[in-house]
Amino acid sequence: MRWLLLPLALSAAACGSGTASASKNRTFYDWAVATAGGDAAQAFEQRYPPLDLSAAAPYPEYLGYTVLLGGVHLSRPKTWMLRDGNNAPGQAFVRYISPKAYSFALYERPESPSELWRDVMKRFEDDTRASGAKIVGKRVPMSTGLGQGRAYSVERSVEAPKRPLMSRSREVLIRGEHRVILAQIVYEGDGLESLDDELLRVISTLEIL
């Protein structure tokens with residue numbers, strides 16, 4: 001089953017823009033914030049070769065990494081760029097940007113996996129609404145390489161010079177044996193269908209340790 005083409009999908013419109021046009025979109029590429037690279041990137045991700053995968057058209061090459069202070073294994077497209085991260089215990093995160101005009105982030109949630117799952121979901125939903133966002137689809141069951149989750153569709157209003165923009169994201173709350181993680185994909189347009197195949201491997205191999 002395609003994890004992105006779930007009943008909570010918004011519509012069939014696709015995004016799929018190229019590198020040149022994507023880099024002009026300030027929603028995804030805010031060059032005022034320095035992108036982590038080189039030695040700085042090693043503070044937030046360390047190579048994990050077991051999740052590498054060679055390119056096979058039309059799919060890109062994937063590289064395996066360990067992120068979030070050793071708590072997550074991730075297989076991501078080689079073309080992604082690490083935008084920033086944080087290693088604060090209990091608040092760790094990594095954020096990536098793609099040349100296909102979407103961003104992908106993993107956030108450590110301040111939750112215990114031993115708590116009732118309904119309570120964990122409710123706190124996430126309350127936090128999301130408190131931030132001014134609108135949940136338009138929620139609690140769709142799904143699984144990752146190591147972990148169980150619930151998928152949401154979320155809309156946020158983003159300030160822009162001429163008029164507010166609507167930011168759409170697919171957010172997946174995932175519970176592992178020792179931690180709870182939020183995976184967030186922020187994208188252009190009304191749907192993720194054109195990115196489904198590329199992102200399927202990322203989510204299906206994600207290991208929450």
# chains A, B, ... in the order shown; residues from 1 in each chain; ligands from 1
>>> residues_around(residues="A:Gly149", least_positions_apart="3", cutoff="8 Å", atoms="only C-alpha atoms", output="number ranges by chain")
A: 141-144, 172-175
>>> select_by_dssp(residues="stretch 33-203 of chain A", states="strand (DSSP E)", output="ChimeraX atom specification")
/A:45-47,62-67,72-77,81-86,93-98,102-109,134-144,147-158,165-175,180-187
>>> residues_around(residues="A:Glu108", least_positions_apart="3", cutoff="7 Å", atoms="only C-alpha atoms", output="list in words")
Gly90, Gln91, Ala92, Phe93, Val180, Ile181 and Leu182 of chain A
>>> write_last_selection(atoms="N, CA and C atoms", output="PDB file, in the first residue's frame")
ATOM      1  N   GLY A  90      15.740  15.172  24.260  1.00  0.00           N
ATOM      2  CA  GLY A  90      14.307  15.369  24.358  1.00  0.00           C
ATOM      3  C   GLY A  90      13.745  16.345  23.343  1.00  0.00           C
ATOM      4  N   GLN A  91      14.623  17.061  22.626  1.00  0.00           N
ATOM      5  CA  GLN A  91      14.174  18.040  21.633  1.00  0.00           C
ATOM      6  C   GLN A  91      14.957  17.922  20.327  1.00  0.00           C
ATOM      7  N   ALA A  92      15.566  16.776  20.095  1.00  0.00           N
ATOM      8  CA  ALA A  92      16.405  16.598  18.910  1.00  0.00           C
ATOM      9  C   ALA A  92      15.557  16.631  17.639  1.00  0.00           C
ATOM     10  N   PHE A  93      16.139  17.171  16.564  1.00  0.00           N
ATOM     11  CA  PHE A  93      15.465  17.148  15.270  1.00  0.00           C
ATOM     12  C   PHE A  93      16.482  17.278  14.154  1.00  0.00           C
ATOM     13  N   VAL A 180       9.139   8.402  20.899  1.00  0.00           N
ATOM     14  CA  VAL A 180       8.081   8.782  19.970  1.00  0.00           C
ATOM     15  C   VAL A 180       8.640   9.882  19.069  1.00  0.00           C
ATOM     16  N   ILE A 181       8.457   9.717  17.758  1.00  0.00           N
ATOM     17  CA  ILE A 181       9.023  10.617  16.759  1.00  0.00           C
ATOM     18  C   ILE A 181       7.905  11.169  15.881  1.00  0.00           C
ATOM     19  N   LEU A 182       8.074  12.410  15.417  1.00  0.00           N
ATOM     20  CA  LEU A 182       7.175  12.973  14.425  1.00  0.00           C
ATOM     21  C   LEU A 182       7.931  13.150  13.117  1.00  0.00           C
TER      22      LEU A 182
END
>>> closest_residue(among="A:Glu188, A:Glu61, A:Glu125, A:Asp52", to="A:Ser167", atoms="only C-alpha atoms")
A:Glu188
>>> atom_distance(atom1="atom CA of A:Ala41", atom2="atom CA of A:Arg150")
29.2 Å
>>> select_by_dssp(residues="stretch 69-171 of chain A", states="helix (DSSP H, G or I)", output="list in words")
Trp117, Arg118, Asp119, Val120, Met121, Lys122, Arg123, Phe124, Glu125, Asp126, Asp127, Thr128, Arg129 and Ala130 of chain A
>>> write_last_selection(atoms="N, CA and C atoms", output="mmCIF file, in the first residue's frame")
data_model
loop_
_atom_site.group_PDB
_atom_site.id
_atom_site.type_symbol
_atom_site.label_atom_id
_atom_site.label_comp_id
_atom_site.auth_asym_id
_atom_site.auth_seq_id
_atom_site.Cartn_x
_atom_site.Cartn_y
_atom_site.Cartn_z
ATOM 1 N N TRP A 117 -1.502 5.171 23.948
ATOM 2 C CA TRP A 117 -1.338 5.745 22.612
ATOM 3 C C TRP A 117 -2.371 6.837 22.367
ATOM 4 N N ARG A 118 -3.582 6.671 22.853
ATOM 5 C CA ARG A 118 -4.614 7.698 22.645
ATOM 6 C C ARG A 118 -4.233 9.014 23.325
ATOM 7 N N ASP A 119 -3.528 8.927 24.469
ATOM 8 C CA ASP A 119 -3.104 10.145 25.158
ATOM 9 C C ASP A 119 -1.974 10.835 24.389
ATOM 10 N N VAL A 120 -1.055 10.033 23.831
ATOM 11 C CA VAL A 120 0.035 10.587 23.031
ATOM 12 C C VAL A 120 -0.530 11.311 21.805
ATOM 13 N N MET A 121 -1.494 10.686 21.123
ATOM 14 C CA MET A 121 -2.102 11.306 19.952
ATOM 15 C C MET A 121 -2.855 12.577 20.317
ATOM 16 N N LYS A 122 -3.587 12.540 21.405
ATOM 17 C CA LYS A 122 -4.365 13.717 21.802
ATOM 18 C C LYS A 122 -3.448 14.901 22.098
ATOM 19 N N ARG A 123 -2.316 14.659 22.782
ATOM 20 C CA ARG A 123 -1.409 15.765 23.076
ATOM 21 C C ARG A 123 -0.824 16.356 21.794
ATOM 22 N N PHE A 124 -0.478 15.482 20.841
ATOM 23 C CA PHE A 124 0.032 15.981 19.564
ATOM 24 C C PHE A 124 -1.026 16.814 18.858
ATOM 25 N N GLU A 125 -2.258 16.328 18.828
ATOM 26 C CA GLU A 125 -3.340 17.055 18.167
ATOM 27 C C GLU A 125 -3.618 18.387 18.857
ATOM 28 N N ASP A 126 -3.591 18.403 20.191
ATOM 29 C CA ASP A 126 -3.800 19.646 20.934
ATOM 30 C C ASP A 126 -2.663 20.631 20.647
ATOM 31 N N ASP A 127 -1.424 20.145 20.616
ATOM 32 C CA ASP A 127 -0.278 21.012 20.314
ATOM 33 C C ASP A 127 -0.393 21.601 18.915
ATOM 34 N N THR A 128 -0.823 20.778 17.963
ATOM 35 C CA THR A 128 -0.946 21.228 16.577
ATOM 36 C C THR A 128 -2.001 22.318 16.450
ATOM 37 N N ARG A 129 -3.154 22.113 17.056
ATOM 38 C CA ARG A 129 -4.221 23.125 16.997
ATOM 39 C C ARG A 129 -3.825 24.396 17.744
ATOM 40 N N ALA A 130 -3.115 24.244 18.859
ATOM 41 C CA ALA A 130 -2.694 25.405 19.643
ATOM 42 C C ALA A 130 -1.736 26.291 18.857
#
>>> decode(residues="stretch 128-155 of chain A", atoms="N, CA and C atoms", output="compact mmCIF listing (two decimals), in the first residue's frame")
# COMPACT_ATOMS: atom_id res chain seq x y z
N THR A 128 -0.82 20.78 17.96
CA THR A 128 -0.95 21.23 16.58
C THR A 128 -2.00 22.32 16.45
N ARG A 129 -3.15 22.11 17.06
CA ARG A 129 -4.22 23.12 17.00
C ARG A 129 -3.82 24.40 17.74
N ALA A 130 -3.12 24.24 18.86
CA ALA A 130 -2.69 25.40 19.64
C ALA A 130 -1.74 26.29 18.86
N SER A 131 -1.02 25.71 17.90
CA SER A 131 -0.09 26.49 17.07
C SER A 131 -0.81 27.24 15.95
N GLY A 132 -2.12 27.05 15.84
CA GLY A 132 -2.89 27.73 14.80
C GLY A 132 -3.11 26.89 13.56
N ALA A 133 -2.66 25.64 13.57
CA ALA A 133 -2.81 24.76 12.41
C ALA A 133 -4.18 24.07 12.44
N LYS A 134 -4.58 23.59 11.27
CA LYS A 134 -5.85 22.88 11.13
C LYS A 134 -5.58 21.45 10.70
N ILE A 135 -6.10 20.48 11.46
CA ILE A 135 -5.97 19.07 11.12
C ILE A 135 -7.13 18.69 10.21
N VAL A 136 -6.84 18.29 8.98
CA VAL A 136 -7.90 17.99 8.02
C VAL A 136 -8.05 16.49 7.77
N GLY A 137 -7.18 15.69 8.34
CA GLY A 137 -7.28 14.24 8.26
C GLY A 137 -6.40 13.67 9.34
N LYS A 138 -6.85 12.63 10.06
CA LYS A 138 -6.06 12.21 11.20
C LYS A 138 -6.22 10.72 11.54
N ARG A 139 -5.21 10.25 12.27
CA ARG A 139 -5.18 8.93 12.90
C ARG A 139 -5.33 7.77 11.91
N VAL A 140 -4.70 7.89 10.76
CA VAL A 140 -4.71 6.79 9.80
C VAL A 140 -3.57 5.83 10.17
N PRO A 141 -3.86 4.57 10.49
CA PRO A 141 -2.81 3.63 10.91
C PRO A 141 -1.79 3.37 9.80
N MET A 142 -0.53 3.23 10.19
CA MET A 142 0.53 2.91 9.25
C MET A 142 1.70 2.35 10.04
N SER A 143 2.67 1.80 9.32
CA SER A 143 3.86 1.25 9.97
C SER A 143 5.10 1.69 9.22
N THR A 144 6.25 1.63 9.90
CA THR A 144 7.53 1.93 9.30
C THR A 144 8.40 0.68 9.38
N GLY A 145 9.69 0.80 9.02
CA GLY A 145 10.57 -0.36 9.11
C GLY A 145 10.64 -0.92 10.51
N LEU A 146 10.63 -0.04 11.50
CA LEU A 146 10.61 -0.44 12.91
C LEU A 146 9.85 0.65 13.66
N GLY A 147 8.56 0.42 13.85
CA GLY A 147 7.72 1.41 14.52
C GLY A 147 6.31 1.40 13.97
N GLN A 148 5.37 1.84 14.80
CA GLN A 148 3.96 1.94 14.40
C GLN A 148 3.54 3.39 14.51
N GLY A 149 2.67 3.84 13.59
CA GLY A 149 2.32 5.25 13.61
C GLY A 149 0.90 5.56 13.20
N ARG A 150 0.60 6.85 13.25
CA ARG A 150 -0.68 7.40 12.80
C ARG A 150 -0.37 8.61 11.93
N ALA A 151 -1.01 8.69 10.76
CA ALA A 151 -0.74 9.76 9.80
C ALA A 151 -1.82 10.83 9.87
N TYR A 152 -1.38 12.08 9.67
CA TYR A 152 -2.26 13.25 9.70
C TYR A 152 -2.02 14.10 8.47
N SER A 153 -3.03 14.85 8.05
CA SER A 153 -2.87 15.92 7.08
C SER A 153 -3.14 17.23 7.81
N VAL A 154 -2.24 18.20 7.63
CA VAL A 154 -2.30 19.45 8.40
C VAL A 154 -2.15 20.64 7.45
N GLU A 155 -2.89 21.70 7.73
CA GLU A 155 -2.80 22.94 6.98
C GLU A 155 -2.41 24.07 7.93
